[in-house]
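Visitor: So that you have it, the file is query-v2.pdb, and it contains PDB, C-alpha atoms and all ligand atoms:
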ATOM      1  CA  MET A   1      93.628 133.178 131.414
ATOM      2  CA  LYS A   2      94.326 132.152 127.800
ATOM      3  CA  ASP A   3      97.900 132.748 126.764
ATOM      4  CA  GLU A   4      98.338 132.041 123.041
ATOM      5  CA  THR A   5     102.069 131.421 123.445
ATOM      6  CA  ILE A   6     101.288 127.963 124.833
ATOM      7  CA  LEU A   7     100.045 126.953 121.372
ATOM      8  CA  GLN A   8     103.384 127.992 119.913
ATOM      9  CA  SER A   9     105.123 125.953 122.630
ATOM     10  CA  ILE A  10     103.026 122.904 121.718
ATOM     11  CA  GLY A  11     104.145 123.258 118.091
ATOM     12  CA  ASP A  12     107.788 123.683 119.142
ATOM     13  CA  SER A  13     107.605 120.688 121.421
ATOM     14  CA  LEU A  14     106.181 118.536 118.593
ATOM     15  CA  LEU A  15     108.907 119.828 116.294
ATOM     16  CA  ASN A  16     111.498 118.735 118.861
ATOM     17  CA  ILE A  17     109.690 115.395 119.323
ATOM     18  CA  GLN A  18     109.374 115.877 123.081
ATOM     19  CA  GLU A  19     106.506 113.507 123.774
ATOM     20  CA  ASP A  20     106.045 114.029 127.531
ATOM     21  CA  GLU A  21     106.431 117.789 127.230
ATOM     22  CA  THR A  22     103.935 117.953 124.351
ATOM     23  CA  PHE A  23     101.308 116.068 126.355
ATOM     24  CA  THR A  24     101.912 118.191 129.458
ATOM     25  CA  LEU A  25     101.547 121.379 127.428
ATOM     26  CA  ILE A  26      98.337 120.072 125.840
ATOM     27  CA  GLU A  27      96.953 119.344 129.302
ATOM     28  CA  THR A  28      97.841 122.843 130.461
ATOM     29  CA  ALA A  29      96.343 124.427 127.335
ATOM     30  CA  THR A  30      93.153 122.404 127.846
ATOM     31  CA  ALA A  31      92.984 123.519 131.487
ATOM     32  CA  ASP A  32      93.486 127.103 130.293
ATOM     33  CA  GLY A  33      90.396 126.795 128.128
ATOM     34  CA  PHE A  34      91.782 126.120 124.652
ATOM     35  CA  THR A  35      89.542 123.792 122.650
ATOM     36  CA  PRO A  36      90.911 120.611 121.034
ATOM     37  CA  VAL A  37      90.382 122.241 117.624
ATOM     38  CA  GLU A  38      92.398 125.320 118.622
ATOM     39  CA  ILE A  39      95.175 123.081 119.935
ATOM     40  CA  ILE A  40      95.241 121.007 116.736
ATOM     41  CA  GLU A  41      94.868 123.823 114.205
ATOM     42  CA  ASN A  42      96.935 126.535 115.926
ATOM     43  CA  GLY A  43      99.446 124.470 117.902
ATOM     44  CA  LEU A  44     100.107 121.000 116.496
ATOM     45  CA  SER A  45      99.516 121.720 112.787
ATOM     46  CA  PRO A  46     101.961 124.659 112.580
ATOM     47  CA  GLY A  47     104.459 122.429 114.434
ATOM     48  CA  MET A  48     104.016 119.720 111.803
ATOM     49  CA  LEU A  49     104.443 122.283 109.026
ATOM     50  CA  ALA A  50     107.698 123.367 110.666
ATOM     51  CA  VAL A  51     108.751 119.709 110.584
ATOM     52  CA  GLY A  52     108.058 119.806 106.837
ATOM     53  CA  ASP A  53     110.156 122.964 106.411
ATOM     54  CA  ARG A  54     113.088 121.420 108.252
ATOM     55  CA  PHE A  55     112.752 118.245 106.187
ATOM     56  CA  GLU A  56     112.779 120.313 102.982
ATOM     57  CA  ARG A  57     115.900 122.175 104.104
ATOM     58  CA  GLY A  58     117.614 118.884 104.915
ATOM     59  CA  ASP A  59     117.771 119.756 108.633
ATOM     60  CA  MET A  60     115.538 116.848 109.555
ATOM     61  CA  PHE A  61     115.492 113.312 108.191
ATOM     62  CA  LEU A  62     112.728 110.871 107.393
ATOM     63  CA  PRO A  63     112.926 108.796 110.640
ATOM     64  CA  GLN A  64     112.528 112.003 112.674
ATOM     65  CA  VAL A  65     109.657 113.143 110.477
ATOM     66  CA  MET A  66     108.010 109.763 111.107
ATOM     67  CA  MET A  67     108.506 110.146 114.866
ATOM     68  CA  ALA A  68     106.975 113.618 114.802
ATOM     69  CA  ALA A  69     104.113 112.285 112.663
ATOM     70  CA  THR A  70     103.476 109.446 115.126
ATOM     71  CA  LEU A  71     103.477 111.876 118.038
ATOM     72  CA  MET A  72     101.073 114.160 116.181
ATOM     73  CA  GLY A  73      98.754 111.173 115.617
ATOM     74  CA  LYS A  74      98.837 110.288 119.321
ATOM     75  CA  CYS A  75      98.056 113.884 120.303
ATOM     76  CA  VAL A  76      95.112 114.087 117.911
ATOM     77  CA  ASP A  77      93.798 110.760 119.229
ATOM     78  CA  SER A  78      94.020 111.961 122.810
ATOM     79  CA  LEU A  79      92.258 115.233 121.982
ATOM     80  CA  LYS A  80      89.540 113.335 120.136
ATOM     81  CA  GLY A  81      88.296 112.066 123.502
ATOM     82  CA  ASN A  82      87.640 115.629 124.661
ATOM     83  CA  MET A  83      85.589 116.374 121.576
ATOM     84  CA  ALA A  84      83.257 113.391 121.915
ATOM     85  CA  GLY A  85      80.517 115.499 123.503
ATOM     86  CA  ASN A  86      79.190 116.748 120.184
ATOM     87  CA  GLU A  87      78.868 113.325 118.618
ATOM     88  CA  ALA A  88      75.270 112.960 119.726
ATOM     89  CA  ALA A  89      74.319 115.835 117.410
ATOM     90  CA  GLU A  90      71.834 115.086 114.661
ATOM     91  CA  LYS A  91      73.441 113.190 111.762
ATOM     92  CA  LYS A  92      74.322 115.702 109.095
ATOM     93  CA  GLY A  93      75.337 113.254 106.363
ATOM     94  CA  VAL A  94      77.413 110.230 105.429
ATOM     95  CA  ILE A  95      80.990 110.737 104.287
ATOM     96  CA  VAL A  96      83.587 108.366 102.882
ATOM     97  CA  ILE A  97      87.103 109.689 103.422
ATOM     98  CA  GLY A  98      90.542 108.445 102.453
ATOM     99  CA  THR A  99      94.013 109.313 101.218
ATOM    100  CA  VAL A 100      94.341 108.390  97.564
ATOM    101  CA  GLU A 101      96.329 105.535  96.115
ATOM    102  CA  GLY A 102     100.104 105.973  96.174
ATOM    103  CA  ASP A 103      99.995 108.378  99.106
ATOM    104  CA  VAL A 104     100.605 107.343 102.724
ATOM    105  CA  HIS A 105     100.192 110.785 104.314
ATOM    106  CA  ASP A 106      97.208 110.556 106.619
ATOM    107  CA  ILE A 107      97.701 113.005 109.500
ATOM    108  CA  GLY A 108      95.655 115.766 107.857
ATOM    109  CA  LYS A 109      93.032 113.312 106.640
ATOM    110  CA  ASN A 110      92.661 111.965 110.193
ATOM    111  CA  ILE A 111      92.176 115.476 111.588
ATOM    112  CA  VAL A 112      89.521 116.200 108.969
ATOM    113  CA  LYS A 113      87.848 112.893 109.834
ATOM    114  CA  VAL A 114      87.769 113.666 113.551
ATOM    115  CA  LEU A 115      86.337 117.137 113.020
ATOM    116  CA  LEU A 116      83.668 115.936 110.589
ATOM    117  CA  ASN A 117      82.743 113.216 113.030
ATOM    118  CA  VAL A 118      82.406 115.419 116.078
ATOM    119  CA  ASN A 119      80.382 117.858 114.013
ATOM    120  CA  GLY A 120      77.698 115.286 113.339
ATOM    121  CA  PHE A 121      78.765 113.470 110.173
ATOM    122  CA  GLU A 122      78.915 109.681 109.936
ATOM    123  CA  VAL A 123      82.420 109.133 108.579
ATOM    124  CA  HIS A 124      83.766 105.959 106.971
ATOM    125  CA  ASP A 125      87.531 105.907 106.560
ATOM    126  CA  VAL A 126      89.010 103.840 103.715
ATOM    127  CA  GLY A 127      92.483 104.604 105.056
ATOM    128  CA  ARG A 128      95.587 105.747 103.249
ATOM    129  CA  ASP A 129      97.039 104.588  99.939
ATOM    130  CA  ALA A 130      93.424 103.631  99.240
ATOM    131  CA  LEU A 131      92.527 102.148  95.879
ATOM    132  CA  LEU A 132      89.851 103.959  93.869
ATOM    133  CA  GLU A 133      87.672 100.842  94.079
ATOM    134  CA  LYS A 134      87.751 101.105  97.852
ATOM    135  CA  PHE A 135      86.254 104.610  97.732
ATOM    136  CA  VAL A 136      83.623 103.477  95.221
ATOM    137  CA  GLU A 137      82.689 100.262  97.061
ATOM    138  CA  LYS A 138      82.462 101.960 100.436
ATOM    139  CA  ALA A 139      80.376 104.790  98.980
ATOM    140  CA  LYS A 140      77.900 102.288  97.556
ATOM    141  CA  GLU A 141      77.856 100.217 100.746
ATOM    142  CA  VAL A 142      77.099 103.106 103.099
ATOM    143  CA  ASN A 143      75.078 105.178 100.604
ATOM    144  CA  ALA A 144      77.484 108.093 100.960
ATOM    145  CA  ASP A 145      76.458 111.706 100.488
ATOM    146  CA  ILE A 146      80.028 112.992 100.201
ATOM    147  CA  ILE A 147      83.364 111.495  99.170
ATOM    148  CA  ALA A 148      86.360 113.287 100.673
ATOM    149  CA  SER A 149      89.834 112.606  99.341
ATOM    150  CA  SER A 150      93.216 113.727 100.557
ATOM    151  CA  ALA A 151      96.547 113.975  98.689
ATOM    152  CA  LEU A 152      99.833 115.398  99.985
ATOM    153  CA  MET A 153     101.979 114.948  96.916
ATOM    154  CA  THR A 154     101.796 116.646  93.539
ATOM    155  CA  GLY A 155     101.939 113.215  91.872
ATOM    156  CA  THR A 156      99.038 111.744  93.820
ATOM    157  CA  MET A 157      96.849 114.827  93.313
ATOM    158  CA  GLU A 158      96.269 113.440  89.818
ATOM    159  CA  VAL A 159      94.576 110.406  91.346
ATOM    160  CA  MET A 160      91.818 112.683  92.620
ATOM    161  CA  GLY A 161      90.887 113.246  88.973
ATOM    162  CA  ASP A 162      90.871 109.482  88.429
ATOM    163  CA  LEU A 163      88.493 109.178  91.366
ATOM    164  CA  GLU A 164      86.034 111.480  89.589
ATOM    165  CA  THR A 165      86.237 109.188  86.545
ATOM    166  CA  ALA A 166      85.868 106.029  88.653
ATOM    167  CA  LEU A 167      82.721 107.433  90.283
ATOM    168  CA  LYS A 168      81.270 108.215  86.849
ATOM    169  CA  GLU A 169      82.131 104.754  85.551
ATOM    170  CA  ALA A 170      80.480 103.188  88.600
ATOM    171  CA  GLY A 171      77.360 105.251  87.814
ATOM    172  CA  ILE A 172      77.295 107.016  91.193
ATOM    173  CA  ARG A 173      78.877 110.398  90.415
ATOM    174  CA  ASP A 174      75.490 112.147  90.381
ATOM    175  CA  ASP A 175      74.524 110.611  93.720
ATOM    176  CA  VAL A 176      77.471 111.999  95.662
ATOM    177  CA  LYS A 177      79.338 115.259  96.176
ATOM    178  CA  THR A 178      83.116 115.274  96.224
ATOM    179  CA  ILE A 179      85.492 117.363  98.310
ATOM    180  CA  VAL A 180      89.269 117.414  98.007
ATOM    181  CA  GLY A 181      92.093 118.640 100.224
ATOM    182  CA  GLY A 182      95.733 118.297 101.244
ATOM    183  CA  ALA A 183      98.681 120.705 101.182
ATOM    184  CA  PRO A 184      99.277 120.895  97.389
ATOM    185  CA  VAL A 185      95.561 120.896  96.499
ATOM    186  CA  THR A 186      93.848 124.171  95.575
ATOM    187  CA  GLN A 187      90.444 125.512  94.618
ATOM    188  CA  TYR A 188      91.728 125.724  91.062
ATOM    189  CA  TRP A 189      92.633 122.018  91.130
ATOM    190  CA  ALA A 190      89.228 121.064  92.525
ATOM    191  CA  GLU A 191      87.522 122.916  89.683
ATOM    192  CA  LYS A 192      89.882 121.487  87.095
ATOM    193  CA  ILE A 193      89.116 117.863  87.990
ATOM    194  CA  GLY A 194      85.399 118.511  88.538
ATOM    195  CA  ALA A 195      85.254 118.086  92.312
ATOM    196  CA  ASN A 196      82.381 119.852  94.069
ATOM    197  CA  ALA A 197      84.465 121.519  96.769
ATOM    198  CA  TYR A 198      87.904 122.229  98.196
ATOM    199  CA  ALA A 199      88.861 123.103 101.758
ATOM    200  CA  GLU A 200      92.176 124.339 103.024
ATOM    201  CA  ASN A 201      91.924 122.965 106.543
ATOM    202  CA  ALA A 202      89.793 120.760 108.750
ATOM    203  CA  GLY A 203      87.588 123.562 110.069
ATOM    204  CA  GLU A 204      86.807 124.709 106.553
ATOM    205  CA  ALA A 205      86.195 121.077 105.522
ATOM    206  CA  VAL A 206      83.329 120.884 108.022
ATOM    207  CA  GLN A 207      81.893 124.169 106.759
ATOM    208  CA  LYS A 208      82.084 123.038 103.113
ATOM    209  CA  ALA A 209      80.614 119.614 103.932
ATOM    210  CA  VAL A 210      77.642 121.293 105.604
ATOM    211  CA  GLU A 211      77.210 123.477 102.506
ATOM    212  CA  LEU A 212      77.423 120.462 100.179
ATOM    213  CA  MET A 213      74.573 118.801 102.085
ATOM    214  CA  GLN A 214      72.386 121.823 101.347
ATOM    215  CA  VAL A 215      72.992 121.931  97.581
TER     216      VAL A 215
HETATM  217  C1  LIG B   1     104.660 113.898 107.935
HETATM  218  C2  LIG B   1     105.183 113.727 106.524
HETATM  219  C3  LIG B   1     105.491 112.418 106.105
HETATM  220  C4  LIG B   1     105.231 111.192 106.977
HETATM  221  C5  LIG B   1     103.748 110.818 106.856
HETATM  222  C6  LIG B   1     103.186 110.154 108.097
HETATM  223  C7  LIG B   1     101.689 110.075 108.063
HETATM  224  N1  LIG B   1     101.190 109.068 108.724
HETATM  225  O1  LIG B   1     100.985 110.874 107.472
HETATM  226  C8  LIG B   1     106.187 110.147 106.315
HETATM  227  C9  LIG B   1     107.536 110.247 106.998
HETATM  228  C10 LIG B   1     105.719 108.700 106.322
HETATM  229  C11 LIG B   1     106.307 110.734 104.914
HETATM  230  C12 LIG B   1     106.677 109.994 103.806
HETATM  231  C13 LIG B   1     106.919 110.549 102.553
HETATM  232  N2  LIG B   1     106.884 111.861 102.222
HETATM  233 CO1  LIG B   1     106.190 113.167 103.332
HETATM  234  N3  LIG B   1     105.773 114.725 104.420
HETATM  235  C14 LIG B   1     105.345 114.839 105.644
HETATM  236  C15 LIG B   1     105.228 116.356 105.995
HETATM  237  C16 LIG B   1     106.494 116.740 106.738
HETATM  238  C17 LIG B   1     104.044 116.796 106.810
HETATM  239  C18 LIG B   1     102.663 116.401 106.294
HETATM  240  C19 LIG B   1     101.658 116.625 107.399
HETATM  241  O2  LIG B   1     101.297 115.693 108.114
HETATM  242  N4  LIG B   1     101.248 117.885 107.614
HETATM  243  C20 LIG B   1     100.398 118.298 108.742
HETATM  244  C21 LIG B   1      98.917 118.122 108.408
HETATM  245  C22 LIG B   1      98.058 118.544 109.599
HETATM  246  O3  LIG B   1      98.637 118.988 107.330
HETATM  247  P1  LIG B   1      97.976 118.504 105.981
HETATM  248  O4  LIG B   1      98.248 117.079 105.732
HETATM  249  O5  LIG B   1      98.249 119.478 104.923
HETATM  250  O6  LIG B   1      96.381 118.532 106.300
HETATM  251  C23 LIG B   1      95.615 119.716 106.482
HETATM  252  C24 LIG B   1      95.074 120.314 105.169
HETATM  253  O7  LIG B   1      95.882 120.050 104.048
HETATM  254  C25 LIG B   1      93.686 119.761 105.057
HETATM  255  N5  LIG B   1      93.453 118.453 104.451
HETATM  256  C26 LIG B   1      94.226 117.352 104.399
HETATM  257  N6  LIG B   1      93.588 116.342 103.817
HETATM  258  C27 LIG B   1      92.376 116.777 103.486
HETATM  259  C28 LIG B   1      91.302 116.131 102.863
HETATM  260  C29 LIG B   1      90.158 116.842 102.623
HETATM  261  C30 LIG B   1      89.017 116.151 101.956
HETATM  262  C31 LIG B   1      90.051 118.208 102.991
HETATM  263  C32 LIG B   1      88.844 118.951 102.682
HETATM  264  C33 LIG B   1      91.115 118.852 103.624
HETATM  265  C34 LIG B   1      92.260 118.133 103.870
HETATM  266  O8  LIG B   1      93.272 119.711 106.405
HETATM  267  C35 LIG B   1      94.364 119.266 107.234
HETATM  268  C36 LIG B   1      94.199 119.840 108.614
HETATM  269  O9  LIG B   1      94.100 121.238 108.624
HETATM  270  C37 LIG B   1     105.152 116.973 104.552
HETATM  271  C38 LIG B   1     105.604 118.440 104.449
HETATM  272  C39 LIG B   1     104.495 119.406 104.107
HETATM  273  N7  LIG B   1     104.888 120.654 103.967
HETATM  274  O10 LIG B   1     103.341 119.060 103.930
HETATM  275  C40 LIG B   1     105.999 115.993 103.742
HETATM  276  C41 LIG B   1     105.726 115.834 102.244
HETATM  277  C42 LIG B   1     104.231 115.831 101.951
HETATM  278  N8  LIG B   1     106.277 114.506 101.975
HETATM  279  C43 LIG B   1     106.889 114.436 100.825
HETATM  280  C44 LIG B   1     107.535 113.276 100.313
HETATM  281  C45 LIG B   1     108.279 113.440  99.010
HETATM  282  C46 LIG B   1     107.466 112.040 100.989
HETATM  283  C47 LIG B   1     108.096 110.721 100.560
HETATM  284  C48 LIG B   1     108.055 110.381  99.068
HETATM  285  C49 LIG B   1     109.540 110.775 101.093
HETATM  286  C50 LIG B   1     110.471 109.692 100.710
HETATM  287  N9  LIG B   1     111.507 110.138 100.078
HETATM  288  O11 LIG B   1     110.239 108.538 100.997
HETATM  289  C51 LIG B   1     107.280 109.707 101.379
HETATM  290  C52 LIG B   1     105.960 109.372 100.650
HETATM  291  C53 LIG B   1     105.592 107.975 100.590
HETATM  292  C54 LIG B   1     104.209 107.849  99.943
HETATM  293  N10 LIG B   1     104.115 106.999  98.976
HETATM  294  O12 LIG B   1     103.270 108.510 100.311
HETATM  295  C55 LIG B   1     106.850 115.758 100.076
HETATM  296  C56 LIG B   1     105.861 115.769  98.905
HETATM  297  C57 LIG B   1     106.431 116.562  97.739
HETATM  298  C58 LIG B   1     105.430 116.736  96.659
HETATM  299  N11 LIG B   1     104.960 117.945  96.520
HETATM  300  O13 LIG B   1     105.070 115.855  95.968
HETATM  301  C59 LIG B   1     106.552 116.767 101.248
HETATM  302  C60 LIG B   1     105.789 118.027 100.818
HETATM  303  C61 LIG B   1     107.920 117.149 101.869
HETATM  304  C62 LIG B   1     108.889 117.778 100.878
HETATM  305  N12 LIG B   1     108.816 119.051 100.684
HETATM  306  O14 LIG B   1     109.647 117.084 100.276
HETATM  307  N13 LIG B   1     106.023 112.064 104.902
END
So, in terms of structure tokens, how does the structure I just supplied come out?

Guide:
Amino acid sequence: MKDETILQSIGDSLLNIQEDETFTLIETATADGFTPVEIIENGLSPGMLAVGDRFERGDMFLPQVMMAATLMGKCVDSLKGNMAGNEAAEKKGVIVIGTVEGDVHDIGKNIVKVLLNVNGFEVHDVGRDALLEKFVEKAKEVNADIIASSALMTGTMEVMGDLETALKEAGIRDDVKTIVGGAPVTQYWAEKIGANAYAENAGEAVQKAVELMQV
């Protein structure tokens, strides 16, 4: 019997950086029939956002935020194993993903990567704080269909515009589609810099990537 309150408990447990409890709750939620995506999107992610709220209010400090972030990464990695079943699906396209230069936030990017991967995309990760050249070189190397960039800070959002320019200068802008995301990024921003798509969360990122492959 699926009881949604367990997802809230998972978020609370992450917020309180209770590693053992978080893993136990995830196991229980999995046994109760919640999918890894439901656990990530409706349990862990709201918990991480609550971490952000506390940090903003000054009720939580950077070392604790880092501990919560590390725990979130571990949880996503463990859930990834349960999603592996879909990986055999027909390859839907090749994606290069990364967090732009100057920005080390990669939790959201990693979730997007996992979801794209289990939904049949071949995903190449250039990591975080990734130089524009890295995106361009990797895209050429793997003959990418889509370039996905993440930014979590208002300052680094600008770099997404520079990426558009770098792709044009490298002569490959017309060969790829671009998708952008991250907490401060919006549809308006995507249009302003000339990106092909924006997605608010990982589930929507998969949907938009599928659409981009059909254009
Ligand atoms: C965790 C965290 C950290 C961790 C990061 C660990 C890691 N490995 O990622 C640590 C502690 C290292 C950190 C450091 C810093 N942080 Co910080 N951090 C956060 C925090 C609390 C949560 C971010 C997060 O992981 N959210 C959870 C994930 C699941 O959500 P998400 O990233 O938004 O991703 C989802 C969507 O956005 C989307 N998505 C994400 N990427 C992509 C990409 C594509 C292509 C698509 C389609 C979709 C998509 O899908 C994801 C899943 O649904 C935020 C607060 C917040 N409200 O965002 C601050 C925040 C982002 N940090 C902030 C700041 C200022 C910093 C520091 C400068 C702090 C400092 N004084 O040193 C440094 C930055 C250093 C640097 N150069 O990057 C500010 C940014 C302010 C701004 N607007 O510019 C925030 C907003 C906090 C605040 N209010 O002050 N941080």

Visitor: Using atom C37 of ligand LIG 1 (chain B) and CA of Leu49 in chain A as the two end points, give the distance in Å to one decimal.

Guide: 7.0 Å

Visitor: Starting from the PyMOL selection byres (((not hetatm)) within 7 of (chain B and resi 1)), expand the selection into actual residues of this file and give them as a PyMOL selection string.

Guide: chain A and resi 41+45+48-49+51-53+55-56+62-63+65-66+69-70+97+102-109+111-112+148-155+179-184+198-202+205

Visitor: Figure out the distance between CA of Glu19 in chain A and CA of Leu71 in chain A, please, to one decimal in Å.

Guide: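 Result for CA of Leu71 in chain A versus CA of Glu19 in chain A: 6.7 Å, one decimal.
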
Visitor: Using all atoms listed in the file, find the one residue out of A:Ala197, A:Val76, A:Ile95, A:Ala190 that sits nearest to Val215 in chain A.

Guide: A:Ala197

Visitor: Please provide the set of residues having any atom within 10 Å of Ala170 in chain A, restricted to all atoms listed in the file, with same-chain residues fewer than 3 positions apart removed, written as a list in words.

Guide: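 Near neighbours after the sequence-gap exclusion: Glu133, Val136, Glu137, Lys140, Thr165, Ala166, Leu167 and Arg173 of chain A.
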
Visitor: Using all atoms listed in the file, which residue out of A:Gly11, A:Gly120, A:Gly33, A:Gly73 lies closest to Val94 in chain A?

Guide: A:Gly120

Visitor: How many Å separate CA of Phe34 in chain A from CA of Leu79 in chain A?

Guide: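 A separation of 11.2 Å between them.
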
Visitor: Which of these residues is nearest to Glu169 in chain A, using all atoms listed in the file: A:Val126, A:Ala209, A:Leu132, A:Thr156?

Guide: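 Using all atoms listed in the file, Glu169 in chain A sits closest to A:Leu132.
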
Visitor: Step by step, work through what the PyMOL selection byres (((chain A and resi 13) around 10) and not hetatm) selects in the shown file, and finish by giving those residues as a PyMOL selection string.

Guide: chain A and resi 7-12+14-23+25+43-44+47+68

Visitor: So what does the PyMOL selection byres (((chain A and resi 130) around 6) and not hetatm) actually pick up in this one, as a list in words?

Guide: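 After applying the PyMOL selection byres (((chain A and resi 130) around 6) and not hetatm), what remains is Val100, Glu101, Gly127, Arg128, Asp129 and Leu131 of chain A.
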
Visitor: From the coordinates I just gave you, please extract range 190-210 of chain A so that only N, CA and C atoms remain, then output it as a PDB file, in the first residue's frame.

Guide:
ATOM      1  N   ALA A 190      15.921  30.649 -21.867  1.00  0.00           N
ATOM      2  CA  ALA A 190      16.282  29.757 -22.975  1.00  0.00           C
ATOM      3  C   ALA A 190      16.052  30.471 -24.307  1.00  0.00           C
ATOM      4  N   GLU A 191      14.901  31.129 -24.417  1.00  0.00           N
ATOM      5  CA  GLU A 191      14.581  31.819 -25.672  1.00  0.00           C
ATOM      6  C   GLU A 191      15.529  32.989 -25.888  1.00  0.00           C
ATOM      7  N   LYS A 192      15.817  33.690 -24.805  1.00  0.00           N
ATOM      8  CA  LYS A 192      16.677  34.875 -24.912  1.00  0.00           C
ATOM      9  C   LYS A 192      18.071  34.530 -25.451  1.00  0.00           C
ATOM     10  N   ILE A 193      18.633  33.414 -24.988  1.00  0.00           N
ATOM     11  CA  ILE A 193      19.995  33.074 -25.433  1.00  0.00           C
ATOM     12  C   ILE A 193      19.987  32.228 -26.705  1.00  0.00           C
ATOM     13  N   GLY A 194      18.799  31.826 -27.160  1.00  0.00           N
ATOM     14  CA  GLY A 194      18.725  31.047 -28.401  1.00  0.00           C
ATOM     15  C   GLY A 194      18.873  29.551 -28.211  1.00  0.00           C
ATOM     16  N   ALA A 195      18.603  29.059 -27.001  1.00  0.00           N
ATOM     17  CA  ALA A 195      18.626  27.604 -26.794  1.00  0.00           C
ATOM     18  C   ALA A 195      17.353  27.013 -27.402  1.00  0.00           C
ATOM     19  N   ASN A 196      17.409  25.729 -27.744  1.00  0.00           N
ATOM     20  CA  ASN A 196      16.233  25.107 -28.371  1.00  0.00           C
ATOM     21  C   ASN A 196      15.171  24.682 -27.373  1.00  0.00           C
ATOM     22  N   ALA A 197      15.569  24.443 -26.121  1.00  0.00           N
ATOM     23  CA  ALA A 197      14.562  23.993 -25.149  1.00  0.00           C
ATOM     24  C   ALA A 197      15.003  24.282 -23.721  1.00  0.00           C
ATOM     25  N   TYR A 198      13.991  24.272 -22.841  1.00  0.00           N
ATOM     26  CA  TYR A 198      14.200  24.422 -21.400  1.00  0.00           C
ATOM     27  C   TYR A 198      13.363  23.353 -20.724  1.00  0.00           C
ATOM     28  N   ALA A 199      13.860  22.801 -19.630  1.00  0.00           N
ATOM     29  CA  ALA A 199      13.024  21.902 -18.826  1.00  0.00           C
ATOM     30  C   ALA A 199      13.230  22.223 -17.359  1.00  0.00           C
ATOM     31  N   GLU A 200      12.128  22.135 -16.630  1.00  0.00           N
ATOM     32  CA  GLU A 200      12.148  22.515 -15.222  1.00  0.00           C
ATOM     33  C   GLU A 200      12.720  21.415 -14.330  1.00  0.00           C
ATOM     34  N   ASN A 201      12.508  20.176 -14.720  1.00  0.00           N
ATOM     35  CA  ASN A 201      12.997  19.071 -13.897  1.00  0.00           C
ATOM     36  C   ASN A 201      13.445  17.920 -14.790  1.00  0.00           C
ATOM     37  N   ALA A 202      13.943  16.862 -14.144  1.00  0.00           N
ATOM     38  CA  ALA A 202      14.547  15.775 -14.903  1.00  0.00           C
ATOM     39  C   ALA A 202      13.528  15.032 -15.780  1.00  0.00           C
ATOM     40  N   GLY A 203      12.320  14.843 -15.245  1.00  0.00           N
ATOM     41  CA  GLY A 203      11.295  14.153 -16.021  1.00  0.00           C
ATOM     42  C   GLY A 203      10.973  14.923 -17.290  1.00  0.00           C
ATOM     43  N   GLU A 204      10.823  16.240 -17.123  1.00  0.00           N
ATOM     44  CA  GLU A 204      10.512  17.088 -18.270  1.00  0.00           C
ATOM     45  C   GLU A 204      11.702  17.133 -19.246  1.00  0.00           C
ATOM     46  N   ALA A 205      12.912  17.021 -18.701  1.00  0.00           N
ATOM     47  CA  ALA A 205      14.113  17.039 -19.559  1.00  0.00           C
ATOM     48  C   ALA A 205      14.067  15.868 -20.539  1.00  0.00           C
ATOM     49  N   VAL A 206      13.635  14.706 -20.052  1.00  0.00           N
ATOM     50  CA  VAL A 206      13.542  13.531 -20.927  1.00  0.00           C
ATOM     51  C   VAL A 206      12.509  13.787 -22.031  1.00  0.00           C
ATOM     52  N   GLN A 207      11.358  14.296 -21.593  1.00  0.00           N
ATOM     53  CA  GLN A 207      10.271  14.600 -22.541  1.00  0.00           C
ATOM     54  C   GLN A 207      10.743  15.572 -23.633  1.00  0.00           C
ATOM     55  N   LYS A 208      11.413  16.650 -23.202  1.00  0.00           N
ATOM     56  CA  LYS A 208      11.884  17.663 -24.163  1.00  0.00           C
ATOM     57  C   LYS A 208      12.968  17.087 -25.082  1.00  0.00           C
ATOM     58  N   ALA A 209      13.840  16.240 -24.510  1.00  0.00           N
ATOM     59  CA  ALA A 209      14.910  15.650 -25.326  1.00  0.00           C
ATOM     60  C   ALA A 209      14.302  14.762 -26.411  1.00  0.00           C
ATOM     61  N   VAL A 210      13.272  14.015 -26.050  1.00  0.00           N
ATOM     62  CA  VAL A 210      12.597  13.166 -27.036  1.00  0.00           C
ATOM     63  C   VAL A 210      12.009  14.056 -28.135  1.00  0.00           C
TER      64      VAL A 210
END
